[in-house]
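Shown here: final.txt, compact mmCIF, C-alpha atoms.
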```txt
# COMPACT_ATOMS: atom_id res chain seq x y z
CA MET R 327 34.68 -24.72 11.90
CA GLU R 328 32.85 -22.52 9.39
CA GLN R 329 29.15 -21.95 10.05
CA GLN R 330 26.33 -20.72 7.84
CA ILE R 331 22.58 -20.24 7.65
CA TYR R 332 20.75 -23.02 5.79
CA THR R 333 17.40 -22.16 4.21
CA TYR R 334 14.62 -23.61 2.09
CA ASP R 335 14.03 -22.11 -1.38
CA SER R 336 11.63 -19.67 0.29
CA LEU R 337 14.59 -18.41 2.41
CA GLU R 338 12.95 -19.72 5.58
CA GLU R 339 15.67 -20.96 7.90
CA ILE R 340 15.70 -24.74 8.19
CA LYS R 341 17.06 -24.88 11.73
CA LYS R 342 14.56 -24.78 14.60
CA HIS R 343 15.60 -22.99 17.76
CA GLY R 344 15.14 -24.14 21.33
CA HIS R 345 13.01 -27.08 22.43
CA PRO R 346 9.22 -27.48 21.97
CA ARG R 347 8.86 -27.45 25.77
CA PHE R 348 11.13 -24.39 26.09
CA PRO R 349 11.26 -22.55 22.72
CA PHE R 350 14.08 -20.17 23.57
CA GLN R 351 17.74 -20.24 22.56
CA THR R 352 20.83 -18.04 22.77
CA TYR R 353 23.93 -18.00 20.56
CA ASP R 354 27.27 -16.29 20.83
CA THR R 355 27.50 -15.27 17.17
CA ILE R 356 31.12 -14.85 16.04
CA TYR R 357 31.21 -13.43 12.52
CA LYS R 358 34.62 -14.74 11.53
CA LYS R 359 33.11 -18.25 11.61
CA TYR R 360 30.70 -17.34 8.79
CA PRO R 361 31.50 -17.02 5.05
CA LEU R 362 32.55 -13.43 4.28
CA GLU R 363 31.74 -12.64 7.94
CA SER R 364 28.07 -12.33 7.05
CA MET R 365 24.81 -14.13 7.80
CA ALA R 366 22.84 -14.67 4.59
CA LEU R 367 19.34 -13.35 3.98
CA HIS R 368 16.73 -15.51 5.72
CA TRP R 369 13.60 -15.46 7.88
CA HIS R 370 12.00 -17.53 10.62
CA ARG R 371 8.79 -17.39 12.60
CA GLU R 372 10.69 -16.92 15.87
CA LEU R 373 11.42 -13.48 17.29
CA GLU R 374 15.08 -12.51 17.28
CA PHE R 375 17.08 -10.05 19.36
CA ASN R 376 20.78 -9.32 18.87
CA ILE R 377 23.01 -7.47 21.35
CA ILE R 378 26.23 -6.20 19.80
CA LEU R 379 29.24 -7.24 21.90
CA ASN R 380 32.17 -6.24 19.70
CA GLY R 381 32.74 -4.56 16.37
CA THR R 382 30.22 -2.87 14.08
CA VAL R 383 27.36 -4.83 12.54
CA LEU R 384 25.45 -3.85 9.42
CA ALA R 385 21.92 -5.24 9.46
CA GLN R 386 19.36 -5.35 6.67
CA ILE R 387 15.89 -5.89 8.12
CA ASP R 388 12.73 -5.76 6.04
CA GLY R 389 14.50 -3.58 3.48
CA ILE R 390 15.85 -1.10 6.04
CA SER R 391 19.57 -0.75 6.84
CA TYR R 392 20.91 -0.37 10.38
CA GLU R 393 24.43 0.24 11.64
CA LEU R 394 24.90 -1.23 15.10
CA HIS R 395 27.70 -0.59 17.56
CA PRO R 396 28.77 -2.29 20.82
CA GLY R 397 26.00 -1.91 23.41
CA ASP R 398 23.27 -1.50 20.78
CA ALA R 399 20.60 -4.14 20.23
CA VAL R 400 18.17 -4.91 17.45
CA PHE R 401 14.75 -6.58 17.27
CA ILE R 402 13.73 -8.67 14.25
CA ASN R 403 10.05 -9.53 14.11
CA SER R 404 8.51 -12.86 13.14
CA ASN R 405 8.65 -13.81 9.44
CA ILE R 406 10.82 -10.82 8.49
CA LEU R 407 13.62 -11.16 5.94
CA HIS R 408 16.95 -10.10 7.42
CA SER R 409 20.69 -10.43 7.05
CA THR R 410 23.71 -9.12 8.96
CA LYS R 411 27.42 -8.74 8.32
CA ALA R 412 30.54 -7.40 9.97
CA ALA R 413 31.14 -3.83 8.84
CA TYR R 414 34.90 -4.32 9.17
CA PRO R 415 35.98 -7.94 8.63
CA GLY R 416 38.84 -9.21 10.75
CA ARG R 417 37.91 -7.26 13.89
CA ASN R 418 36.35 -10.10 15.90
CA THR R 419 32.80 -8.86 15.43
CA ARG R 420 30.36 -10.60 17.80
CA HIS R 421 26.81 -10.36 18.98
CA MET R 422 24.66 -12.27 21.42
CA THR R 423 21.55 -13.69 19.75
CA LEU R 424 18.32 -14.47 21.59
CA ILE R 425 15.65 -16.34 19.64
CA LEU R 426 12.24 -17.24 21.01
CA ALA R 427 8.95 -18.49 19.66
CA PRO R 428 6.17 -15.92 20.26
CA GLU R 429 4.22 -18.48 22.29
CA PHE R 430 7.16 -18.69 24.71
CA LEU R 431 5.74 -15.50 26.24
CA ALA R 432 2.15 -16.79 26.46
CA PRO R 433 0.05 -19.68 25.07
CA LYS R 434 -1.28 -18.96 21.60
CA GLU R 435 -4.93 -19.34 22.66
CA SER R 436 -4.61 -17.02 25.66
CA ASP R 437 -5.91 -13.47 26.01
CA ILE R 438 -2.35 -12.32 26.71
CA TYR R 439 -1.15 -13.63 23.36
CA CYS R 440 -4.10 -12.19 21.43
CA GLU R 441 -4.01 -8.78 23.13
CA GLU R 442 -0.35 -8.21 23.95
CA ILE R 443 1.71 -10.24 21.47
CA GLN R 444 -0.19 -10.86 18.23
CA PRO R 445 -0.86 -7.16 17.43
CA LEU R 446 2.85 -6.41 17.33
CA LEU R 447 3.67 -9.54 15.31
CA VAL R 448 1.36 -8.52 12.47
CA ASN R 449 2.05 -4.78 12.54
CA PRO R 450 3.78 -3.93 9.21
CA SER R 451 5.51 -0.94 10.85
CA PHE R 452 7.47 -3.17 13.22
CA GLY R 453 9.63 -5.31 10.98
CA GLY R 454 12.71 -4.37 12.95
CA PHE R 455 13.85 -1.86 15.53
CA CYS R 456 17.23 -0.70 16.83
CA PHE R 457 17.74 -0.07 20.57
CA SER R 458 20.19 2.49 21.92
CA GLN R 459 21.75 2.83 25.38
CA LYS R 460 21.03 6.58 25.19
CA ILE R 461 17.27 6.19 25.58
CA PRO R 462 16.11 5.01 29.05
CA TRP R 463 13.38 2.55 28.04
CA GLN R 464 15.59 1.08 25.31
CA ARG R 465 18.50 0.79 27.73
CA GLU R 466 16.26 -1.19 30.08
CA VAL R 467 15.20 -3.48 27.21
CA ILE R 468 18.88 -4.20 26.49
CA ARG R 469 19.52 -4.88 30.20
CA LEU R 470 16.63 -7.35 30.40
CA LEU R 471 17.76 -9.11 27.23
CA SER R 472 21.29 -9.38 28.63
CA SER R 473 19.91 -10.75 31.91
CA ALA R 474 17.84 -13.39 30.09
CA ALA R 475 20.83 -14.39 27.95
CA TYR R 476 23.07 -14.68 31.03
CA ALA R 477 20.47 -16.81 32.83
CA HIS R 478 20.17 -19.13 29.85
CA ARG R 479 23.92 -19.58 29.55
CA HIS R 480 24.37 -20.18 33.32
CA PRO R 481 21.65 -22.72 34.15
CA ASP R 482 23.53 -23.82 37.25
CA THR R 483 22.96 -20.47 38.95
CA CYS R 484 19.77 -19.21 37.23
CA CYS R 485 16.33 -20.67 36.61
CA LYS R 486 14.07 -20.76 33.56
CA MET R 487 11.41 -18.76 35.38
CA GLN R 488 13.87 -15.85 35.59
CA ILE R 489 14.32 -15.96 31.80
CA LEU R 490 10.56 -15.80 31.27
CA ALA R 491 10.23 -12.98 33.81
CA ASP R 492 12.97 -10.93 32.11
CA LEU R 493 11.54 -11.45 28.64
CA SER R 494 7.96 -10.76 29.72
CA THR R 495 9.00 -7.45 31.31
CA MET R 496 11.08 -6.69 28.23
CA TRP R 497 8.09 -7.33 25.96
CA VAL R 498 5.88 -4.90 27.90
CA LEU R 499 8.54 -2.20 27.53
CA LEU R 500 9.03 -3.05 23.87
CA LYS R 501 5.34 -2.98 23.03
CA ASP R 502 4.73 0.31 24.86
CA GLY R 503 7.90 1.89 23.48
CA LEU R 504 7.24 0.90 19.88
CA THR R 505 3.64 2.08 20.13
CA GLN R 506 4.89 5.45 21.37
CA GLU R 507 7.51 5.57 18.60
CA GLN R 508 4.78 4.90 16.06
CA LYS R 509 2.67 7.74 17.47
CA ILE R 510 5.63 10.11 17.27
CA SER R 511 6.37 8.94 13.74
CA SER R 512 2.73 9.49 12.83
CA MET R 513 2.88 12.98 14.36
CA ASP R 514 6.03 13.72 12.36
CA LYS R 515 4.28 12.62 9.17
CA ASP R 516 1.33 14.87 10.01
CA VAL R 517 3.68 17.83 10.45
CA ILE R 518 5.26 17.11 7.05
CA LEU R 519 1.85 16.80 5.37
CA LYS R 520 0.69 20.06 6.96
CA GLU R 521 3.82 21.86 5.79
CA ARG R 522 3.34 20.54 2.27
CA THR R 523 -0.31 21.57 2.27
CA GLN R 524 0.58 25.04 3.52
CA LYS R 525 3.13 25.46 0.72
CA MET R 526 0.55 24.48 -1.89
CA LEU R 527 -2.09 26.78 -0.41
CA SER R 528 0.40 29.65 -0.36
CA TYR R 529 1.18 28.99 -4.02
CA ILE R 530 -2.53 29.13 -4.90
CA HIS R 531 -3.01 32.33 -2.90
CA ASN R 532 -0.12 33.96 -4.72
CA HIS R 533 -1.00 32.72 -8.21
CA TYR R 534 -4.79 32.44 -8.25
CA GLN R 535 -4.91 35.13 -10.99
CA ASP R 536 -2.77 32.94 -13.28
CA SER R 537 -3.43 29.73 -15.14
CA ILE R 538 -2.67 26.96 -12.60
CA SER R 539 -2.24 23.23 -13.19
CA ILE R 540 -2.13 20.34 -10.72
CA GLU R 541 1.56 19.97 -11.58
CA ASP R 542 2.12 23.61 -10.56
CA ILE R 543 0.38 23.08 -7.21
CA ALA R 544 2.19 19.81 -6.47
CA GLY R 545 5.48 21.32 -7.63
CA ALA R 546 5.21 24.03 -4.97
CA ALA R 547 5.70 21.31 -2.35
CA ARG R 548 7.90 19.10 -4.55
CA ILE R 549 5.52 16.18 -4.36
CA SER R 550 3.62 13.99 -6.83
CA ARG R 551 0.08 14.59 -8.10
CA SER R 552 -1.27 11.73 -5.98
CA GLU R 553 0.42 13.07 -2.83
CA CYS R 554 -1.01 16.51 -3.63
CA PHE R 555 -4.53 15.06 -3.71
CA ARG R 556 -3.91 13.19 -0.43
CA CYS R 557 -2.82 16.39 1.33
CA PHE R 558 -5.86 18.33 0.15
CA GLN R 559 -8.21 15.51 1.06
CA LYS R 560 -6.77 15.27 4.58
CA TYR R 561 -6.43 18.96 5.48
CA VAL R 562 -8.63 20.96 3.10
CA CYS R 563 -11.45 18.48 2.44
CA GLN R 564 -11.55 19.63 -1.16
CA LYS R 565 -9.82 18.58 -4.33
CA PRO R 566 -7.03 20.99 -5.38
CA PHE R 567 -8.99 22.57 -8.24
CA GLU R 568 -12.13 22.84 -6.14
CA TYR R 569 -10.11 24.87 -3.67
CA VAL R 570 -8.64 27.03 -6.46
CA ILE R 571 -12.15 27.82 -7.76
CA SER R 572 -13.53 28.56 -4.29
CA TYR R 573 -10.57 30.82 -3.47
CA ARG R 574 -10.97 32.72 -6.75
CA LEU R 575 -14.68 33.14 -6.08
CA ARG R 576 -14.02 34.48 -2.58
CA LYS R 577 -11.54 37.01 -3.98
CA ALA R 578 -14.07 38.00 -6.65
CA ALA R 579 -16.80 38.43 -4.04
CA ASN R 580 -14.53 40.74 -2.07
CA LEU R 581 -13.86 42.87 -5.17
CA LEU R 582 -17.58 43.04 -5.95
CA LYS R 583 -18.21 44.28 -2.43
CA THR R 584 -15.32 46.74 -2.09
CA THR R 585 -14.75 48.14 -5.63
CA ASN R 586 -16.67 49.42 -8.62
CA LEU R 587 -14.64 47.41 -11.10
CA PRO R 588 -16.68 45.95 -13.98
CA ILE R 589 -17.65 42.32 -13.51
CA SER R 590 -15.75 41.38 -16.68
CA GLU R 591 -12.57 42.85 -15.22
CA ILE R 592 -13.10 41.17 -11.85
CA SER R 593 -13.54 37.87 -13.70
CA ILE R 594 -10.17 38.26 -15.43
CA CYS R 595 -8.45 39.52 -12.26
CA CYS R 596 -9.53 36.41 -10.39
CA GLY R 597 -8.32 33.89 -12.94
CA PHE R 598 -11.53 33.29 -14.91
CA ASN R 599 -10.91 33.65 -18.63
CA TYR R 600 -14.61 33.60 -19.52
CA GLN R 601 -17.17 35.80 -17.83
CA SER R 602 -19.95 33.31 -18.56
CA TYR R 603 -18.09 30.55 -16.72
CA PHE R 604 -17.33 32.93 -13.87
CA GLY R 605 -21.01 33.84 -13.59
CA LYS R 606 -22.07 30.19 -13.58
CA ARG R 607 -19.61 29.16 -10.86
CA PHE R 608 -20.32 32.29 -8.80
CA GLN R 609 -24.05 31.54 -8.77
CA GLU R 610 -23.40 27.92 -7.79
CA TYR R 611 -21.23 29.09 -4.88
CA TYR R 612 -23.22 32.10 -3.60
CA GLN R 613 -26.70 31.21 -4.87
CA MET R 614 -26.96 34.53 -6.72
CA THR R 615 -25.40 36.24 -9.74
CA PRO R 616 -22.38 38.56 -9.36
CA THR R 617 -24.62 41.55 -10.10
CA ALA R 618 -27.15 40.52 -7.46
CA TYR R 619 -24.33 39.88 -4.95
CA ARG R 620 -22.94 43.38 -5.52
CA ARG R 621 -26.34 44.93 -5.12
CA HIS R 622 -27.10 42.82 -2.03
CA THR R 623 -23.81 43.59 -0.25
CA ASN R 624 -24.02 47.30 -1.00
```
Could you render the structure as structure tokens?
Amino acid sequence: MEQQIYTYDSLEEIKKHGHPRFPFQTYDTIYKKYPLESMALHWHRELEFNIILNGTVLAQIDGISYELHPGDAVFINSNILHSTKAAYPGRNTRHMTLILAPEFLAPKESDIYCEEIQPLLVNPSFGGFCFSQKIPWQREVIRLLSSAAYAHRHPDTCCKMQILADLSTMWVLLKDGLTQEQKISSMDKDVILKERTQKMLSYIHNHYQDSISIEDIAGAARISRSECFRCFQKYVCQKPFEYVISYRLRKAANLLKTTNLPISEISICCGFNYQSYFGKRFQEYYQMTPTAYRRHTN
């Protein structure tokens, strides 16, 4: 018999999973039973985990696409829009689904829920996550999920306490692993921002004598104006043009100290088209005129 996901207009799934006294459920999801071998876009407040058993599954979770193969698993957070489909219809694509209410792990009013569960539920970075057998902690998460699913589907030989134990241990690994992944991701972003900033600084150092625009500086790193300002704010603590002016002034100060070039020529050499403007900015920066600076340093 054909199956499908039924939703309200908001795309919230109508069906409730598990029982109020034991809000946990497993499903052997067989894609050929669904229209077009796909599960339509929907969301629910329960947490969802899928373990791929056969075939390749394409998942769309919170706007991000995942391709999942046998042995992989995926986490879908509470209230996150998601859909899945068989990548190759007709190949008996299947996955084991585990769905649980967050309070299955701990009562909503408890410290455990507030400290260990709620922070992950509301973290916008954790809409979904794919687990691979190649990474030890993720492999253990998949094993614990499989153990909980087996226990649920064999109640004659396993107990409910074992399901809770498996899922509680799984959640600790998940929370710690995702937190570490987020730190690594944040570190990666920092590296990218630093590289972009370095490219823009190098451009300024090589073109300070020329007329420079914000577009020129941002273009050196192939980023937008707003991203350019963010990079300078984070790593230079100056706006781009403030840095350009300060760098030009430092170069001018060096020429005043080490050469006998006329101040008008130094002004032009350092990117200042007007000597009067150069003199004004120089005095603001060094608290003395260019002439006084030359005399003082010599």
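Reported to one decimal place, the separation of atom CA of R:Ile538 from atom CA of R:Glu568 is 12.2 Å.
With atom CA of R:Leu470 on one side and atom CA of R:His343 on the other, the separation reads 20.1 Å.
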Select from stretch 440-484 of chain R every residue with an atom at most 10 Å from any atom of stretch 387-405 of chain R, then for each give the shortest pair of atoms and their distance in Å to one decimal, using only C-alpha atoms, rows by chain and rising number, as CSV.
```
residue,atom,partner,partner_atom,distance
R:Leu446,CA,R:Asn403,CA,8.5
R:Leu447,CA,R:Ser404,CA,6.3
R:Val448,CA,R:Ser404,CA,8.4
R:Asn449,CA,R:Asn403,CA,9.4
R:Pro450,CA,R:Asp388,CA,9.7
R:Ser451,CA,R:Asp388,CA,9.9
R:Phe452,CA,R:Asn403,CA,6.9
R:Gly453,CA,R:Asn403,CA,5.3
R:Gly454,CA,R:Ile402,CA,4.6
R:Phe455,CA,R:Phe401,CA,5.1
R:Cys456,CA,R:Val400,CA,4.4
R:Phe457,CA,R:Ala399,CA,5.0
R:Ser458,CA,R:Asp398,CA,5.2
R:Gln459,CA,R:Asp398,CA,6.5
R:Lys460,CA,R:Asp398,CA,9.5
R:Gln464,CA,R:Ala399,CA,8.8
R:Arg465,CA,R:Asp398,CA,8.7
R:Val467,CA,R:Ala399,CA,8.8
R:Ile468,CA,R:Ala399,CA,6.5
R:Arg469,CA,R:Gly397,CA,9.8
R:Leu471,CA,R:Ala399,CA,9.0
R:Ser472,CA,R:Ala399,CA,9.9
```
*Could you check which of R:Trp369, R:Phe608, R:Tyr357, R:Tyr529 is closest to R:Met422, using only C-alpha atoms?*
R:Tyr357
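Minimum distance to R:Leu575 across R:Arg607, R:Tyr600, R:Arg556, R:Ile549 (counting all atoms listed in the file) occurs at R:Arg607.
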*Take atom CA of R:Leu493 and atom CA of R:Ile378 and report the distance between them in Å, one decimal.*
17.9 Å
*Taking (21.0, -12.4, 5.2) in the file's coordinates, which residues come within 9 Å, counting all atoms listed in the file, written as a ChimeraX atom specification?*
/R:331,364-369,385-387,407-411
*Of the residues R:Met496, R:Val562, R:Ile530, R:Ala477, which is the one nearest to R:Ala544, using only C-alpha atoms?*
R:Ile530
*asked:* Which residues are near R:Leu490? Cut-off 12 Å, only C-alpha atoms, ignore same chain within fewer than 3 positions. Put them as a PyMOL selection string.
replied: chain R and resi 348-350+426+428-432+470-471+473-475+477-478+484-487+493-497
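Shortest separation to R:Ala546 among R:Lys525, R:Lys358, R:Tyr439, R:His533 occurs at residue R:Lys525, atoms counted being only C-alpha atoms.
Proximity to R:Met614 was assessed for R:Ile443, R:Val517, R:Ala579, R:Ala412 counting all atoms listed in the file; the smallest distance is recorded for R:Ala579.
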*What lies within 12 Å of R:Leu519 using only C-alpha atoms, ignoring chain neighbours under 4 positions off, as a PyMOL selection string?*
chain R and resi 512-515+523-526+547-549+553-562
Take the residues from that selection and put them in a file with C-alpha atoms, as a compact mmCIF listing (two decimals), in the frame of the given file.
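Final output, saved to result_13.txt:
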```
# COMPACT_ATOMS: atom_id res chain seq x y z
CA SER R 512 2.73 9.49 12.83
CA MET R 513 2.88 12.98 14.36
CA ASP R 514 6.03 13.72 12.36
CA LYS R 515 4.28 12.62 9.17
CA THR R 523 -0.31 21.57 2.27
CA GLN R 524 0.58 25.04 3.52
CA LYS R 525 3.13 25.46 0.72
CA MET R 526 0.55 24.48 -1.89
CA ALA R 547 5.70 21.31 -2.35
CA ARG R 548 7.90 19.10 -4.55
CA ILE R 549 5.52 16.18 -4.36
CA GLU R 553 0.42 13.07 -2.83
CA CYS R 554 -1.01 16.51 -3.63
CA PHE R 555 -4.53 15.06 -3.71
CA ARG R 556 -3.91 13.19 -0.43
CA CYS R 557 -2.82 16.39 1.33
CA PHE R 558 -5.86 18.33 0.15
CA GLN R 559 -8.21 15.51 1.06
CA LYS R 560 -6.77 15.27 4.58
CA TYR R 561 -6.43 18.96 5.48
CA VAL R 562 -8.63 20.96 3.10
```
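Counting all atoms listed in the file and comparing R:Gly416, R:Gly597, R:Gly605, R:Pro616, the residue that lies closest to R:Tyr534 is R:Gly597.
Close contacts of R:Asn624, defined as residues with an atom at most 10 Å away when counting all atoms listed in the file, with chain neighbours fewer than 2 positions off set aside, comprise Leu582, Lys583, Thr584, Ala618, Tyr619, Arg620, Arg621 and His622 of chain R.
Residues with at least one atom no more than 10 Å from (-5.9, 19.1, -10.3), using all atoms listed in the file, are Ile538, Ser539, Ile540, Glu541, Asp542, Ile543, Ala544, Arg551, Ser552, Cys554, Phe555, Lys565, Pro566, Phe567, Glu568, Tyr569 and Val570 of chain R.
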